[in-house]
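First up is the structure itself, then whatever we jot down about it.
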Amino acid sequence: QQKVQQSPESLSVPEGGMASFNCTSSDRNFQYFWWYRQHSGEGPKALMSIFSDGDKKEGRFTAHLNKASLHVSLHIRDSQPSDSALYFCAARNTGANTGKLTFGHGTILRVHP
Amino acid sequence: EAAVTQSPRNKVAVTGGKVTLSCNQTNNHNNMYWYRQDTGHGLRLIHYSYGAGSTEKGDIPDGYKASRPSQENFSLILELATPSQTSVYFCASGDGGLGVTGQLYFGEGSKLTVL
């Protein structure tokens, strides 16, 4: 079973709109979460991390974590065409020393004018 | 900004041939990772390393070997390449360890086509 599951598979929003992504872990050991963004032809780049319950805001990006349900979300307000990309949720085993991240399958975001 | 450089960026290989993908990082990170990216599968971990001389199996290690000759360099080796290994491969480095945030810094990717 995929340990990190993302939804939706793809998303289309108008410029200036809100884009929302969801992610759930099926493993209680995976409680540290990251969001990565990958533009076409590039490597993934870290957007933000969230390790504690509640909201974390960085500019137009807000992440929310509910540790009880192992659910994390990412919201982008005032979406821009440059936000069009593949978004990954990634989780880390908090009890392991490896530093490994387990990634979801990703959500494709298209922001149209 | 952390720097991870991969080579080659594009490679076409024949079935049964040997392929070596190289990665260099200038971040002085202890940990390095090789992932492959396929549509519908996201990023999957092949091998990783804690430092020079160490290699560990990730989630999909079959058909791959890894080598970490120095802190800066980490290679992925396909001794007998197969068409199923056609993919985009990403190298990453990170500080790892307990109590550390664990951000990974990725290279730009190496696209491998096995004919």
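Each chain of the structure tokens is named A, B, ... in the order shown, its residues numbered from 1; ligands are numbered from 1 in display order.
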
Chain A residues near chain B within 12 Å, closest pair each, using only C-alpha atoms, as JSON lines:
{"residue": "A:Gln2", "atom": "CA", "partner": "B:His41", "partner_atom": "CA", "distance": 9.5}
{"residue": "A:Lys3", "atom": "CA", "partner": "B:Arg44", "partner_atom": "CA", "distance": 11.6}
{"residue": "A:Val4", "atom": "CA", "partner": "B:Gly42", "partner_atom": "CA", "distance": 10.3}
{"residue": "A:Gln5", "atom": "CA", "partner": "B:Gly42", "partner_atom": "CA", "distance": 10.4}
{"residue": "A:Gln6", "atom": "CA", "partner": "B:Gly42", "partner_atom": "CA", "distance": 10.3}
{"residue": "A:Glu9", "atom": "CA", "partner": "B:Gly40", "partner_atom": "CA", "distance": 9.2}
{"residue": "A:Ser10", "atom": "CA", "partner": "B:Gly40", "partner_atom": "CA", "distance": 11.7}
{"residue": "A:Gln31", "atom": "CA", "partner": "B:Thr101", "partner_atom": "CA", "distance": 11.7}
{"residue": "A:Tyr32", "atom": "CA", "partner": "B:Thr101", "partner_atom": "CA", "distance": 8.3}
{"residue": "A:Phe33", "atom": "CA", "partner": "B:Thr101", "partner_atom": "CA", "distance": 9.6}
{"residue": "A:Trp34", "atom": "CA", "partner": "B:Gln103", "partner_atom": "CA", "distance": 8.0}
{"residue": "A:Trp35", "atom": "CA", "partner": "B:Gln103", "partner_atom": "CA", "distance": 10.1}
{"residue": "A:Tyr36", "atom": "CA", "partner": "B:Leu104", "partner_atom": "CA", "distance": 9.6}
{"residue": "A:Arg37", "atom": "CA", "partner": "B:Phe106", "partner_atom": "CA", "distance": 11.2}
{"residue": "A:Gln38", "atom": "CA", "partner": "B:Glu108", "partner_atom": "CA", "distance": 10.1}
{"residue": "A:His39", "atom": "CA", "partner": "B:Glu108", "partner_atom": "CA", "distance": 10.5}
{"residue": "A:Ser40", "atom": "CA", "partner": "B:Glu108", "partner_atom": "CA", "distance": 10.4}
{"residue": "A:Gly41", "atom": "CA", "partner": "B:Glu108", "partner_atom": "CA", "distance": 7.5}
{"residue": "A:Glu42", "atom": "CA", "partner": "B:Glu108", "partner_atom": "CA", "distance": 5.1}
{"residue": "A:Gly43", "atom": "CA", "partner": "B:Glu108", "partner_atom": "CA", "distance": 4.4}
{"residue": "A:Pro44", "atom": "CA", "partner": "B:Phe106", "partner_atom": "CA", "distance": 6.1}
{"residue": "A:Lys45", "atom": "CA", "partner": "B:Phe106", "partner_atom": "CA", "distance": 6.9}
{"residue": "A:Ala46", "atom": "CA", "partner": "B:Gln103", "partner_atom": "CA", "distance": 7.2}
{"residue": "A:Leu47", "atom": "CA", "partner": "B:Gln103", "partner_atom": "CA", "distance": 10.0}
{"residue": "A:Met48", "atom": "CA", "partner": "B:Gln103", "partner_atom": "CA", "distance": 9.2}
{"residue": "A:Ser49", "atom": "CA", "partner": "B:Thr101", "partner_atom": "CA", "distance": 8.2}
{"residue": "A:Ile50", "atom": "CA", "partner": "B:Thr101", "partner_atom": "CA", "distance": 9.6}
{"residue": "A:Phe51", "atom": "CA", "partner": "B:Thr101", "partner_atom": "CA", "distance": 8.9}
{"residue": "A:Leu86", "atom": "CA", "partner": "B:Gly42", "partner_atom": "CA", "distance": 9.9}
{"residue": "A:Tyr87", "atom": "CA", "partner": "B:Gly42", "partner_atom": "CA", "distance": 10.0}
{"residue": "A:Phe88", "atom": "CA", "partner": "B:Gly42", "partner_atom": "CA", "distance": 7.9}
{"residue": "A:Cys89", "atom": "CA", "partner": "B:Gly42", "partner_atom": "CA", "distance": 9.8}
{"residue": "A:Ala90", "atom": "CA", "partner": "B:Leu43", "partner_atom": "CA", "distance": 9.5}
{"residue": "A:Ala91", "atom": "CA", "partner": "B:Gly102", "partner_atom": "CA", "distance": 10.0}
{"residue": "A:Arg92", "atom": "CA", "partner": "B:Gly102", "partner_atom": "CA", "distance": 7.9}
{"residue": "A:Asn93", "atom": "CA", "partner": "B:Leu98", "partner_atom": "CA", "distance": 9.7}
{"residue": "A:Thr94", "atom": "CA", "partner": "B:Leu98", "partner_atom": "CA", "distance": 7.5}
{"residue": "A:Gly95", "atom": "CA", "partner": "B:Leu98", "partner_atom": "CA", "distance": 7.4}
{"residue": "A:Ala96", "atom": "CA", "partner": "B:Leu98", "partner_atom": "CA", "distance": 6.8}
{"residue": "A:Asn97", "atom": "CA", "partner": "B:Gly97", "partner_atom": "CA", "distance": 4.5}
{"residue": "A:Thr98", "atom": "CA", "partner": "B:Gly96", "partner_atom": "CA", "distance": 6.0}
{"residue": "A:Gly99", "atom": "CA", "partner": "B:Gly96", "partner_atom": "CA", "distance": 3.9}
{"residue": "A:Lys100", "atom": "CA", "partner": "B:Gly96", "partner_atom": "CA", "distance": 7.5}
{"residue": "A:Leu101", "atom": "CA", "partner": "B:Gly102", "partner_atom": "CA", "distance": 8.0}
{"residue": "A:Thr102", "atom": "CA", "partner": "B:Arg44", "partner_atom": "CA", "distance": 7.4}
{"residue": "A:Phe103", "atom": "CA", "partner": "B:Leu43", "partner_atom": "CA", "distance": 5.8}
{"residue": "A:Gly104", "atom": "CA", "partner": "B:Gly42", "partner_atom": "CA", "distance": 5.9}
{"residue": "A:His105", "atom": "CA", "partner": "B:Gly42", "partner_atom": "CA", "distance": 3.9}
{"residue": "A:Gly106", "atom": "CA", "partner": "B:Gly42", "partner_atom": "CA", "distance": 6.0}
{"residue": "A:Thr107", "atom": "CA", "partner": "B:Gly42", "partner_atom": "CA", "distance": 9.6}
{"residue": "A:Ile108", "atom": "CA", "partner": "B:Thr39", "partner_atom": "CA", "distance": 11.2}

| DSSP-assigned strand (DSSP E) members of segment 31-82 of chain A, reported as a PyMOL selection string | chain A and resi 31-38+45-50+54-58+61-66+71-76

With N, CA and C atoms kept, could you save the residues just selected as a PDB file, in the first residue's frame?
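The result, written out as out33.pdb:
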ATOM      1  N   GLN A  31       5.299  11.301  10.443  1.00  0.00           N
ATOM      2  CA  GLN A  31       4.601  12.466  10.972  1.00  0.00           C
ATOM      3  C   GLN A  31       5.248  13.789  10.603  1.00  0.00           C
ATOM      4  N   TYR A  32       6.369  13.756   9.919  1.00  0.00           N
ATOM      5  CA  TYR A  32       6.987  14.983   9.432  1.00  0.00           C
ATOM      6  C   TYR A  32       6.669  15.082   7.936  1.00  0.00           C
ATOM      7  N   PHE A  33       6.104  16.209   7.537  1.00  0.00           N
ATOM      8  CA  PHE A  33       5.656  16.330   6.162  1.00  0.00           C
ATOM      9  C   PHE A  33       6.342  17.492   5.462  1.00  0.00           C
ATOM     10  N   TRP A  34       6.551  17.282   4.158  1.00  0.00           N
ATOM     11  CA  TRP A  34       7.104  18.315   3.280  1.00  0.00           C
ATOM     12  C   TRP A  34       6.209  18.433   2.049  1.00  0.00           C
ATOM     13  N   TRP A  35       6.175  19.623   1.503  1.00  0.00           N
ATOM     14  CA  TRP A  35       5.597  19.830   0.170  1.00  0.00           C
ATOM     15  C   TRP A  35       6.724  20.250  -0.768  1.00  0.00           C
ATOM     16  N   TYR A  36       6.775  19.571  -1.923  1.00  0.00           N
ATOM     17  CA  TYR A  36       7.750  19.881  -2.949  1.00  0.00           C
ATOM     18  C   TYR A  36       7.013  20.289  -4.222  1.00  0.00           C
ATOM     19  N   ARG A  37       7.673  21.096  -5.025  1.00  0.00           N
ATOM     20  CA  ARG A  37       7.106  21.524  -6.295  1.00  0.00           C
ATOM     21  C   ARG A  37       8.119  21.245  -7.391  1.00  0.00           C
ATOM     22  N   GLN A  38       7.616  20.746  -8.535  1.00  0.00           N
ATOM     23  CA  GLN A  38       8.502  20.418  -9.641  1.00  0.00           C
ATOM     24  C   GLN A  38       7.951  21.036 -10.922  1.00  0.00           C
ATOM     25  N   LYS A  45      11.729  20.909  -5.883  1.00  0.00           N
ATOM     26  CA  LYS A  45      12.276  21.893  -4.933  1.00  0.00           C
ATOM     27  C   LYS A  45      11.326  21.996  -3.739  1.00  0.00           C
ATOM     28  N   ALA A  46      11.907  22.076  -2.558  1.00  0.00           N
ATOM     29  CA  ALA A  46      11.102  22.145  -1.343  1.00  0.00           C
ATOM     30  C   ALA A  46      10.334  23.464  -1.276  1.00  0.00           C
ATOM     31  N   LEU A  47       9.043  23.357  -0.970  1.00  0.00           N
ATOM     32  CA  LEU A  47       8.201  24.538  -0.769  1.00  0.00           C
ATOM     33  C   LEU A  47       8.133  24.892   0.706  1.00  0.00           C
ATOM     34  N   MET A  48       7.727  23.927   1.492  1.00  0.00           N
ATOM     35  CA  MET A  48       7.623  24.148   2.926  1.00  0.00           C
ATOM     36  C   MET A  48       7.454  22.839   3.665  1.00  0.00           C
ATOM     37  N   SER A  49       7.763  22.894   4.940  1.00  0.00           N
ATOM     38  CA  SER A  49       7.620  21.738   5.804  1.00  0.00           C
ATOM     39  C   SER A  49       6.602  22.052   6.889  1.00  0.00           C
ATOM     40  N   ILE A  50       6.029  20.995   7.464  1.00  0.00           N
ATOM     41  CA  ILE A  50       5.143  21.165   8.611  1.00  0.00           C
ATOM     42  C   ILE A  50       5.281  19.944   9.498  1.00  0.00           C
ATOM     43  N   GLY A  54      -1.757  22.022  13.180  1.00  0.00           N
ATOM     44  CA  GLY A  54      -2.215  23.372  12.935  1.00  0.00           C
ATOM     45  C   GLY A  54      -1.751  23.900  11.591  1.00  0.00           C
ATOM     46  N   ASP A  55      -1.779  25.216  11.475  1.00  0.00           N
ATOM     47  CA  ASP A  55      -1.463  25.887  10.229  1.00  0.00           C
ATOM     48  C   ASP A  55      -0.047  26.451  10.239  1.00  0.00           C
ATOM     49  N   LYS A  56       0.531  26.495   9.046  1.00  0.00           N
ATOM     50  CA  LYS A  56       1.810  27.173   8.848  1.00  0.00           C
ATOM     51  C   LYS A  56       1.695  27.964   7.565  1.00  0.00           C
ATOM     52  N   LYS A  57       1.966  29.260   7.643  1.00  0.00           N
ATOM     53  CA  LYS A  57       1.792  30.130   6.489  1.00  0.00           C
ATOM     54  C   LYS A  57       3.125  30.691   6.046  1.00  0.00           C
ATOM     55  N   GLU A  58       3.357  30.639   4.740  1.00  0.00           N
ATOM     56  CA  GLU A  58       4.552  31.254   4.157  1.00  0.00           C
ATOM     57  C   GLU A  58       4.131  31.953   2.867  1.00  0.00           C
ATOM     58  N   PHE A  61       1.344  30.610   0.485  1.00  0.00           N
ATOM     59  CA  PHE A  61       1.199  29.180   0.756  1.00  0.00           C
ATOM     60  C   PHE A  61       0.855  28.941   2.226  1.00  0.00           C
ATOM     61  N   THR A  62      -0.157  28.090   2.457  1.00  0.00           N
ATOM     62  CA  THR A  62      -0.538  27.688   3.810  1.00  0.00           C
ATOM     63  C   THR A  62      -0.650  26.185   3.861  1.00  0.00           C
ATOM     64  N   ALA A  63       0.042  25.576   4.820  1.00  0.00           N
ATOM     65  CA  ALA A  63      -0.062  24.137   5.053  1.00  0.00           C
ATOM     66  C   ALA A  63      -0.801  23.913   6.352  1.00  0.00           C
ATOM     67  N   HIS A  64      -1.550  22.808   6.394  1.00  0.00           N
ATOM     68  CA  HIS A  64      -2.287  22.452   7.607  1.00  0.00           C
ATOM     69  C   HIS A  64      -2.027  20.987   7.906  1.00  0.00           C
ATOM     70  N   LEU A  65      -1.723  20.673   9.163  1.00  0.00           N
ATOM     71  CA  LEU A  65      -1.455  19.302   9.579  1.00  0.00           C
ATOM     72  C   LEU A  65      -2.384  18.900  10.709  1.00  0.00           C
ATOM     73  N   ASN A  66      -2.968  17.732  10.566  1.00  0.00           N
ATOM     74  CA  ASN A  66      -3.750  17.105  11.630  1.00  0.00           C
ATOM     75  C   ASN A  66      -3.078  15.773  11.934  1.00  0.00           C
ATOM     76  N   HIS A  71      -3.304  13.733   8.269  1.00  0.00           N
ATOM     77  CA  HIS A  71      -3.723  14.417   7.053  1.00  0.00           C
ATOM     78  C   HIS A  71      -3.050  15.789   6.993  1.00  0.00           C
ATOM     79  N   VAL A  72      -2.489  16.081   5.828  1.00  0.00           N
ATOM     80  CA  VAL A  72      -1.872  17.384   5.613  1.00  0.00           C
ATOM     81  C   VAL A  72      -2.413  17.971   4.317  1.00  0.00           C
ATOM     82  N   SER A  73      -2.591  19.268   4.310  1.00  0.00           N
ATOM     83  CA  SER A  73      -3.086  19.936   3.105  1.00  0.00           C
ATOM     84  C   SER A  73      -2.184  21.128   2.778  1.00  0.00           C
ATOM     85  N   LEU A  74      -2.251  21.543   1.539  1.00  0.00           N
ATOM     86  CA  LEU A  74      -1.530  22.731   1.071  1.00  0.00           C
ATOM     87  C   LEU A  74      -2.512  23.596   0.294  1.00  0.00           C
ATOM     88  N   HIS A  75      -2.505  24.893   0.594  1.00  0.00           N
ATOM     89  CA  HIS A  75      -3.390  25.822  -0.086  1.00  0.00           C
ATOM     90  C   HIS A  75      -2.547  26.954  -0.664  1.00  0.00           C
ATOM     91  N   ILE A  76      -2.804  27.263  -1.924  1.00  0.00           N
ATOM     92  CA  ILE A  76      -2.126  28.378  -2.573  1.00  0.00           C
ATOM     93  C   ILE A  76      -3.189  29.420  -2.907  1.00  0.00           C
TER      94      ILE A  76
END

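When only C-alpha atoms are used to measure the gap to Lys18 of chain B, the shortest distance among B:Ser67, B:Gln85, B:Arg36, B:Leu80 belongs to B:Leu80.
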
| A:Ala85, A:Cys23, A:Leu70, A:Val13: which is nearest Asp53 of chain A, counting only C-alpha atoms? |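 Distance minimum relative to Asp53 of chain A lands on A:Leu70.
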
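Shortest atom-to-atom contact with Arg77 of chain A among A:Met18, A:Ser7, A:Leu109, A:Ser12: A:Met18, counting only C-alpha atoms.
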